[in-house]
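Participant: Below you'll find input36.pdb; it's PDB, C-alpha atoms.
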ATOM      1  CA  MET U  74       0.000   0.000   0.000
ATOM      2  CA  GLY U  75       2.782   2.415   0.927
ATOM      3  CA  HIS U  76       4.631   1.547  -2.283
ATOM      4  CA  SER U  77       1.537   2.354  -4.343
ATOM      5  CA  ILE U  78       1.150   5.737  -2.649
ATOM      6  CA  HIS U  79       4.832   6.454  -3.305
ATOM      7  CA  ILE U  80       4.343   5.715  -7.006
ATOM      8  CA  GLY U  81       1.329   8.014  -7.043
ATOM      9  CA  MET U  82       3.354  10.776  -5.398
ATOM     10  CA  THR U  83       6.108  10.562  -8.021
ATOM     11  CA  LYS U  84       3.497  10.743 -10.809
ATOM     12  CA  TYR U  85       1.372  13.411  -9.142
ATOM     13  CA  LEU U  86       1.955  16.105 -11.782
ATOM     14  CA  ARG U  87       2.301  13.768 -14.755
ATOM     15  CA  ASP U  88      -0.680  11.442 -14.368
ATOM     16  CA  ASN U  89      -4.062  13.057 -13.817
ATOM     17  CA  LEU U  90      -5.614   9.852 -12.452
ATOM     18  CA  TRP U  91      -2.931   9.574  -9.791
ATOM     19  CA  LYS U  92      -3.330  13.263  -8.958
ATOM     20  CA  ILE U  93      -7.078  12.904  -8.453
ATOM     21  CA  THR U  94      -6.579   9.746  -6.375
ATOM     22  CA  ILE U  95      -3.877  11.214  -4.132
ATOM     23  CA  ASP U  96      -5.817  14.446  -3.625
ATOM     24  CA  LYS U  97      -8.996  12.570  -2.753
ATOM     25  CA  ILE U  98      -7.225  10.336  -0.224
ATOM     26  CA  GLN U  99      -5.373  13.213   1.422
ATOM     27  CA  PHE U 100      -8.332  15.581   1.490
ATOM     28  CA  ASP U 101     -10.947  13.051   2.626
ATOM     29  CA  LEU U 102      -8.749  11.475   5.304
ATOM     30  CA  GLN U 103      -7.019  14.737   6.244
ATOM     31  CA  CYS U 104      -3.574  13.215   5.903
ATOM     32  CA  CYS U 105      -0.439  13.901   3.901
ATOM     33  CA  GLY U 106       2.200  11.627   2.424
ATOM     34  CA  ILE U 107       2.750   8.004   3.367
ATOM     35  CA  HIS U 108       3.998   8.322   6.942
ATOM     36  CA  SER U 109       4.545  12.085   7.135
ATOM     37  CA  TYR U 110       3.965  15.237   5.124
ATOM     38  CA  LYS U 111       7.741  15.697   4.847
ATOM     39  CA  GLU U 112       7.933  12.834   2.373
ATOM     40  CA  TRP U 113       6.625  15.250  -0.246
ATOM     41  CA  HIS U 114       9.766  17.316   0.390
ATOM     42  CA  ASP U 115      12.030  14.391  -0.519
ATOM     43  CA  VAL U 116      10.143  12.732  -3.369
ATOM     44  CA  ALA U 117      11.082  13.961  -6.842
ATOM     45  CA  TRP U 118       7.525  14.711  -7.932
ATOM     46  CA  MET U 119       8.465  17.944  -9.732
ATOM     47  CA  ASN U 120      10.940  18.447 -12.547
ATOM     48  CA  LYS U 121      12.380  21.329 -14.518
ATOM     49  CA  TYR U 122       9.323  21.430 -16.756
ATOM     50  CA  GLU U 123       7.039  22.368 -13.855
ATOM     51  CA  ILE U 124       9.273  25.054 -12.337
ATOM     52  CA  ASN U 125      11.472  27.938 -13.360
ATOM     53  CA  GLU U 126      14.915  26.606 -12.572
ATOM     54  CA  LYS U 127      16.446  30.063 -12.987
ATOM     55  CA  SER U 128      14.234  31.575 -10.308
ATOM     56  CA  GLU U 129      15.989  32.728  -7.145
ATOM     57  CA  THR U 130      13.135  31.314  -5.067
ATOM     58  CA  VAL U 131      13.625  27.906  -6.671
ATOM     59  CA  LYS U 132      17.344  28.036  -5.966
ATOM     60  CA  GLN U 133      16.680  29.113  -2.389
ATOM     61  CA  PHE U 134      14.276  26.308  -1.542
ATOM     62  CA  ARG U 135      15.849  23.476  -3.509
ATOM     63  CA  SER U 136      16.940  20.976  -0.859
ATOM     64  CA  ASN U 137      18.681  18.382  -3.007
ATOM     65  CA  GLU U 138      21.012  19.035  -5.906
ATOM     66  CA  SER U 139      20.605  15.528  -7.327
ATOM     67  CA  HIS U 140      16.880  15.964  -7.997
ATOM     68  CA  TRP U 141      14.186  18.599  -7.817
ATOM     69  CA  ALA U 142      13.112  18.455  -4.177
ATOM     70  CA  PHE U 143      11.388  21.351  -2.434
ATOM     71  CA  PRO U 144       9.398  21.910   0.791
ATOM     72  CA  VAL U 145       6.229  21.868  -1.296
ATOM     73  CA  THR U 146       3.110  19.820  -0.627
ATOM     74  CA  PRO U 147      -0.109  19.549  -2.670
ATOM     75  CA  TRP U 148      -3.113  21.644  -1.714
ATOM     76  CA  SER U 149      -4.883  18.499  -0.484
ATOM     77  CA  CYS U 150      -2.461  18.400   2.465
ATOM     78  CA  CYS U 151      -3.898  21.633   3.864
ATOM     79  CA  ARG U 152      -5.555  21.441   7.257
ATOM     80  CA  ILE U 153      -9.201  22.479   6.916
ATOM     81  CA  SER U 154      -9.389  23.831  10.450
ATOM     82  CA  PHE U 155      -6.373  26.129  10.038
ATOM     83  CA  PRO U 156      -7.706  29.715  10.393
ATOM     84  CA  MET U 157      -5.159  31.316   8.064
ATOM     85  CA  GLN U 158      -3.928  30.753   4.539
ATOM     86  CA  CYS U 159      -2.495  27.272   4.050
ATOM     87  CA  LEU U 160       1.286  27.396   3.708
ATOM     88  CA  HIS U 161       1.966  24.522   1.357
ATOM     89  CA  ASP U 162       3.939  25.972  -1.582
ATOM     90  CA  PRO U 163       6.712  28.562  -1.083
ATOM     91  CA  LEU U 164       7.403  28.571  -4.822
ATOM     92  CA  GLN U 165       3.967  30.026  -5.539
ATOM     93  CA  GLN U 166       3.284  31.808  -2.257
ATOM     94  CA  ILE U 167       6.191  34.169  -2.806
ATOM     95  CA  HIS U 168       4.749  36.890  -0.576
ATOM     96  CA  ALA U 169       4.959  34.529   2.405
ATOM     97  CA  HIS U 170       8.024  32.440   1.604
ATOM     98  CA  SER U 171       9.954  33.959   4.533
ATOM     99  CA  VAL U 172       7.616  32.063   6.871
ATOM    100  CA  TRP U 173       9.279  28.779   5.861
ATOM    101  CA  ALA U 174      12.562  30.025   7.303
ATOM    102  CA  ASP U 175      11.297  32.128  10.203
ATOM    103  CA  GLN U 176       8.262  30.151  11.396
ATOM    104  CA  PRO U 177       8.498  26.502  10.284
ATOM    105  CA  GLY U 178       6.125  25.545  13.089
ATOM    106  CA  LEU U 179       3.391  27.690  11.559
ATOM    107  CA  VAL U 180       3.909  25.948   8.227
ATOM    108  CA  ALA U 181       3.463  22.557   9.907
ATOM    109  CA  GLU U 182       0.335  23.784  11.723
ATOM    110  CA  SER U 183      -1.306  24.665   8.418
ATOM    111  CA  LEU U 184      -0.797  21.131   7.085
ATOM    112  CA  ASN U 185      -2.018  17.673   7.977
ATOM    113  CA  THR U 186       1.238  16.229   9.226
ATOM    114  CA  GLU U 187       0.017  12.665   9.790
ATOM    115  CA  GLY U 188       0.678  10.172   7.011
ATOM    116  CA  CYS U 189      -2.113   8.450   5.106
ATOM    117  CA  ILE U 190      -0.980   4.856   5.560
ATOM    118  CA  SER U 191      -2.146   4.677   9.182
ATOM    119  CA  LYS U 192      -5.557   6.136   8.327
ATOM    120  CA  LEU U 193      -6.005   3.847   5.337
ATOM    121  CA  ARG U 194      -5.349   0.846   7.554
ATOM    122  CA  ILE U 195      -8.198   1.728   9.930
ATOM    123  CA  PRO U 196     -11.084   0.676   7.609
ATOM    124  CA  ILE U 197      -9.074  -2.323   6.397
ATOM    125  CA  ARG U 198      -8.428  -3.404   9.979
ATOM    126  CA  SER U 199     -12.104  -2.869  10.820
ATOM    127  CA  ALA U 200     -13.170  -4.947   7.815
ATOM    128  CA  LEU U 201     -10.801  -7.775   8.776
ATOM    129  CA  THR U 202     -11.983  -7.670  12.386
ATOM    130  CA  THR U 203     -15.608  -7.820  11.243
ATOM    131  CA  PHE U 204     -14.813 -10.702   8.885
ATOM    132  CA  ILE U 205     -13.065 -12.679  11.635
ATOM    133  CA  LEU U 206     -15.933 -11.969  14.030
ATOM    134  CA  LEU U 207     -18.462 -13.236  11.483
ATOM    135  CA  ILE U 208     -16.418 -16.414  11.003
ATOM    136  CA  VAL U 209     -16.309 -16.998  14.771
ATOM    137  CA  ILE U 210     -20.064 -16.403  15.076
ATOM    138  CA  ASN U 211     -20.692 -18.743  12.150
ATOM    139  CA  CYS U 212     -18.551 -21.451  13.782
ATOM    140  CA  ILE U 213     -20.422 -21.053  17.069
ATOM    141  CA  VAL U 214     -23.775 -21.294  15.273
ATOM    142  CA  GLN U 215     -22.605 -24.404  13.403
ATOM    143  CA  VAL U 216     -21.515 -26.037  16.670
ATOM    144  CA  ILE U 217     -24.865 -25.204  18.288
ATOM    145  CA  ILE U 218     -26.726 -26.637  15.287
ATOM    146  CA  PHE U 219     -24.609 -29.794  15.446
ATOM    147  CA  LEU U 220     -25.297 -30.233  19.167
ATOM    148  CA  VAL U 221     -29.039 -29.675  18.744
ATOM    149  CA  VAL U 222     -29.202 -32.123  15.829
ATOM    150  CA  ARG U 223     -27.177 -34.644  17.816
ATOM    151  CA  ILE U 224     -29.538 -34.390  20.780
ATOM    152  CA  LEU U 225     -32.576 -34.723  18.498
ATOM    153  CA  TYR U 226     -31.037 -37.740  16.787
ATOM    154  CA  THR U 227     -30.272 -39.574  20.031
ATOM    155  CA  SER U 228     -33.715 -38.680  21.369
ATOM    156  CA  CYS U 229     -35.390 -40.200  18.291
ATOM    157  CA  ARG U 230     -33.163 -43.249  18.489
ATOM    158  CA  ASN U 231     -33.925 -43.706  22.165
ATOM    159  CA  ALA U 232     -37.653 -43.363  21.486
ATOM    160  CA  ILE U 233     -37.379 -46.280  19.056
ATOM    161  CA  LEU U 234     -35.369 -48.261  21.605
ATOM    162  CA  LEU U 235     -38.165 -47.650  24.090
ATOM    163  CA  ASN U 236     -40.715 -48.997  21.572
ATOM    164  CA  ASP U 237     -42.449 -45.632  21.649
ATOM    165  CA  PRO U 238     -41.580 -43.747  18.416
ATOM    166  CA  ASP U 239     -44.264 -41.135  19.058
ATOM    167  CA  GLY U 240     -43.394 -40.673  22.703
ATOM    168  CA  VAL U 241     -40.829 -38.671  24.619
ATOM    169  CA  ALA U 242     -37.291 -39.942  25.105
ATOM    170  CA  PRO U 243     -34.111 -38.402  26.495
ATOM    171  CA  GLY U 244     -31.410 -37.211  24.119
ATOM    172  CA  TRP U 245     -27.749 -36.438  24.653
ATOM    173  CA  ILE U 246     -24.596 -35.416  22.881
ATOM    174  CA  PHE U 247     -22.716 -38.550  23.859
ATOM    175  CA  GLY U 248     -23.962 -41.266  26.126
ATOM    176  CA  ARG U 249     -24.799 -44.903  26.537
ATOM    177  CA  GLY U 250     -25.032 -46.740  23.237
ATOM    178  CA  ASP U 251     -22.788 -44.325  21.309
ATOM    179  CA  CYS U 252     -19.649 -45.815  19.730
ATOM    180  CA  GLY U 253     -19.860 -48.895  21.913
ATOM    181  CA  TYR U 254     -20.036 -46.881  25.128
ATOM    182  CA  ASN U 255     -22.019 -48.892  27.688
ATOM    183  CA  ARG U 256     -21.531 -47.046  30.937
ATOM    184  CA  GLY U 257     -23.847 -44.758  32.798
ATOM    185  CA  LYS U 258     -27.571 -45.016  33.314
ATOM    186  CA  THR U 259     -29.641 -47.067  30.926
ATOM    187  CA  LEU U 260     -32.779 -45.755  29.270
ATOM    188  CA  GLY U 261     -34.771 -47.815  31.733
ATOM    189  CA  ASP U 262     -32.994 -46.166  34.654
ATOM    190  CA  ILE U 263     -33.718 -42.736  33.218
ATOM    191  CA  MET U 264     -37.298 -43.285  32.067
ATOM    192  CA  TYR U 265     -38.492 -45.522  34.861
ATOM    193  CA  GLU U 266     -36.730 -44.048  37.825
ATOM    194  CA  GLY U 267     -38.717 -44.988  40.905
ATOM    195  CA  ALA U 268     -40.490 -47.870  39.127
ATOM    196  CA  PRO U 269     -40.392 -51.447  40.501
ATOM    197  CA  PRO U 270     -37.124 -53.331  39.768
ATOM    198  CA  ARG U 271     -38.998 -55.875  37.621
ATOM    199  CA  VAL U 272     -40.127 -53.130  35.234
ATOM    200  CA  LYS U 273     -36.627 -51.711  35.043
ATOM    201  CA  MET U 274     -35.086 -55.131  34.384
ATOM    202  CA  LYS U 275     -37.565 -55.875  31.629
ATOM    203  CA  GLN U 276     -36.935 -52.535  29.976
ATOM    204  CA  ASN U 277     -33.148 -52.925  30.264
ATOM    205  CA  ASP U 278     -33.293 -56.339  28.590
ATOM    206  CA  GLU U 279     -35.396 -54.904  25.781
ATOM    207  CA  GLU U 280     -33.022 -51.974  25.423
ATOM    208  CA  LYS U 281     -30.003 -54.286  25.210
ATOM    209  CA  ARG U 282     -31.690 -56.386  22.539
ATOM    210  CA  LEU U 283     -32.572 -53.346  20.444
ATOM    211  CA  LEU U 284     -29.088 -51.884  20.825
ATOM    212  CA  ASP U 285     -27.559 -55.139  19.621
ATOM    213  CA  ASN U 286     -29.867 -55.099  16.601
ATOM    214  CA  HIS U 287     -29.047 -51.436  15.978
ATOM    215  CA  GLU U 288     -25.292 -52.087  16.005
ATOM    216  CA  ASN U 289     -25.680 -55.079  13.706
TER     217      ASN U 289
END
I'd like the structure from this file rewritten - as structure tokens, please.
Facilitator:
Amino acid sequence: MGHSIHIGMTKYLRDNLWKITIDKIQFDLQCCGIHSYKEWHDVAWMNKYEINEKSETVKQFRSNESHWAFPVTPWSCCRISFPMQCLHDPLQQIHAHSVWADQPGLVAESLNTEGCISKLRIPIRSALTTFILLIVINCIVQVIIFLVVRILYTSCRNAILLNDPDGVAPGWIFGRGDCGYNRGKTLGDIMYEGAPPRVKMKQNDEEKRLLDNHEN
């Protein structure tokens, strides 16, 4: 992302699409540059065709002899809340160019000094967080559905084992009769708790017979 913004900065005056894009990002998000507004001062986004290289002002503010670098930022870097004229271009604002030397703090106050990369990451981070949250919620819902279906399945199975398909039977996630597990209370113990032992024994024998048939 930062690399793309850097490319756009270098092509700011030569590619109208990049200019519109950079200006929109900086103006809408109230930011400037990638990490700082000073990156505009180092990037060679102007050349001799955009400036008067013989001008004394150009010679005064040129900060790098190897390329055309000046303390100039696009208008979209201007801070909206600044009560005075935005100080973003000493090459054009000749009447105020002494401010850059005498009051650099005032120049910085008129600009959005924070870079755009951090502000661009906020909606991306929010989108990723929302996406992850939706995945977690979906997983939880799927687990709940699985557990409910499992309980309904074992309840229906137990109703058949009790010879009462239309009746009520207990269900569970994992219990007696699942995967060869034969510990814990039997259906007879659960359904006929408090009944005479003979009734329980008869029901347990019937349950064992049906379980054997079910496994076979």
Participant: Name the residues captured by the PyMOL selection byres ((chain U and resi 192) around 10) when it is applied to the shown file; answer as a list of chain:residue names.
Facilitator: U:Ile98, U:Gln99, U:Leu102, U:Gln103, U:Cys104, U:Ile107, U:His108, U:Glu187, U:Gly188, U:Cys189, U:Ile190, U:Ser191, U:Leu193, U:Arg194, U:Ile195, U:Pro196, U:Ile197
Participant: Could you give me, as a count of residues only, the residues within 8 Å of Tyr226 (chain U), counting only C-alpha atoms and dropping anything in the same chain fewer than 4 positions from it?
Facilitator: 3
Participant: Rounded to one decimal in Å, what is the spacing between CA of Thr186 (chain U) and CA of Val172 (chain U)?
Facilitator: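 Atom-to-atom, CA of Thr186 (chain U) and CA of Val172 (chain U) are spaced 17.2 Å apart.
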Participant: One number please: CA of Ser109 (chain U) to CA of Leu179 (chain U), in Å, one decimal.
Facilitator: 16.3 Å
Participant: Would you work out the distance separating CA of Pro163 (chain U) from CA of His76 (chain U), expressed in Å to one decimal?
Facilitator: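 According to the coordinates, CA of Pro163 (chain U) and CA of His76 (chain U) are separated by 27.1 Å.
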Participant: Residues near His79 (chain U), anyone? I mean within 10 Å using all atoms listed in the file, not counting same-chain ones fewer than 4 positions away, as a PDB file with C-alpha atoms, keeping the file's coordinate frame.
Facilitator:
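Output contents, as saved in result_15.pdb:
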ATOM      1  CA  MET U  74       0.000   0.000   0.000  1.00  0.00           C
ATOM      2  CA  GLY U  75       2.782   2.415   0.927  1.00  0.00           C
ATOM      3  CA  THR U  83       6.108  10.562  -8.021  1.00  0.00           C
ATOM      4  CA  LYS U  84       3.497  10.743 -10.809  1.00  0.00           C
ATOM      5  CA  TYR U  85       1.372  13.411  -9.142  1.00  0.00           C
ATOM      6  CA  ILE U  95      -3.877  11.214  -4.132  1.00  0.00           C
ATOM      7  CA  GLY U 106       2.200  11.627   2.424  1.00  0.00           C
ATOM      8  CA  ILE U 107       2.750   8.004   3.367  1.00  0.00           C
ATOM      9  CA  GLU U 112       7.933  12.834   2.373  1.00  0.00           C
ATOM     10  CA  TRP U 113       6.625  15.250  -0.246  1.00  0.00           C
ATOM     11  CA  VAL U 116      10.143  12.732  -3.369  1.00  0.00           C
ATOM     12  CA  TRP U 118       7.525  14.711  -7.932  1.00  0.00           C
TER      13      TRP U 118
END
Participant: Calculated over only C-alpha atoms, which of the candidates U:Cys212, U:Val145, U:Ile80, U:Ile233 has the smallest distance to Lys92 (chain U)?
Facilitator: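 Of all the options, U:Ile80 lies closest to Lys92 (chain U).
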Participant: Counting only C-alpha atoms, what is within 10 Å of His170 (chain U), bar same-chain residues fewer than 4 positions away, as JSON, numbers by chain?
Facilitator: {"U": [130, 134, 160, 161, 162, 163, 164, 165, 166, 174, 175]}
Participant: For the structure provided, state which residues fall under the PyMOL selection byres ((chain U and resi 183) around 9), and present them as a compact mmCIF listing (two decimals) with C-alpha atoms, keeping the file's coordinate frame.
Facilitator:
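Wrote it out as out28.txt, contents follow:
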# COMPACT_ATOMS: atom_id res chain seq x y z
CA CYS U 150 -2.46 18.40 2.46
CA CYS U 151 -3.90 21.63 3.86
CA ARG U 152 -5.56 21.44 7.26
CA ILE U 153 -9.20 22.48 6.92
CA SER U 154 -9.39 23.83 10.45
CA PHE U 155 -6.37 26.13 10.04
CA PRO U 156 -7.71 29.72 10.39
CA MET U 157 -5.16 31.32 8.06
CA GLN U 158 -3.93 30.75 4.54
CA CYS U 159 -2.50 27.27 4.05
CA LEU U 160 1.29 27.40 3.71
CA HIS U 161 1.97 24.52 1.36
CA GLY U 178 6.12 25.54 13.09
CA LEU U 179 3.39 27.69 11.56
CA VAL U 180 3.91 25.95 8.23
CA ALA U 181 3.46 22.56 9.91
CA GLU U 182 0.34 23.78 11.72
CA LEU U 184 -0.80 21.13 7.08
CA ASN U 185 -2.02 17.67 7.98
CA THR U 186 1.24 16.23 9.23
Participant: May I ask which of the residues U:Asn236, U:Ser77, U:Ser171, U:Asn120 is the closest one to Trp91 (chain U), counting all atoms listed in the file?
Facilitator: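 Once distances to Trp91 (chain U) are computed over all atoms listed in the file, the minimum belongs to U:Ser77.
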Participant: Taking all atoms listed in the file into account, which of U:Phe100, U:Trp141, U:Gly240, U:Pro147 comes nearest Leu86 (chain U)?
Facilitator: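 Between U:Phe100, U:Trp141, U:Gly240, U:Pro147, the residue approaching Leu86 (chain U) most closely is U:Pro147.
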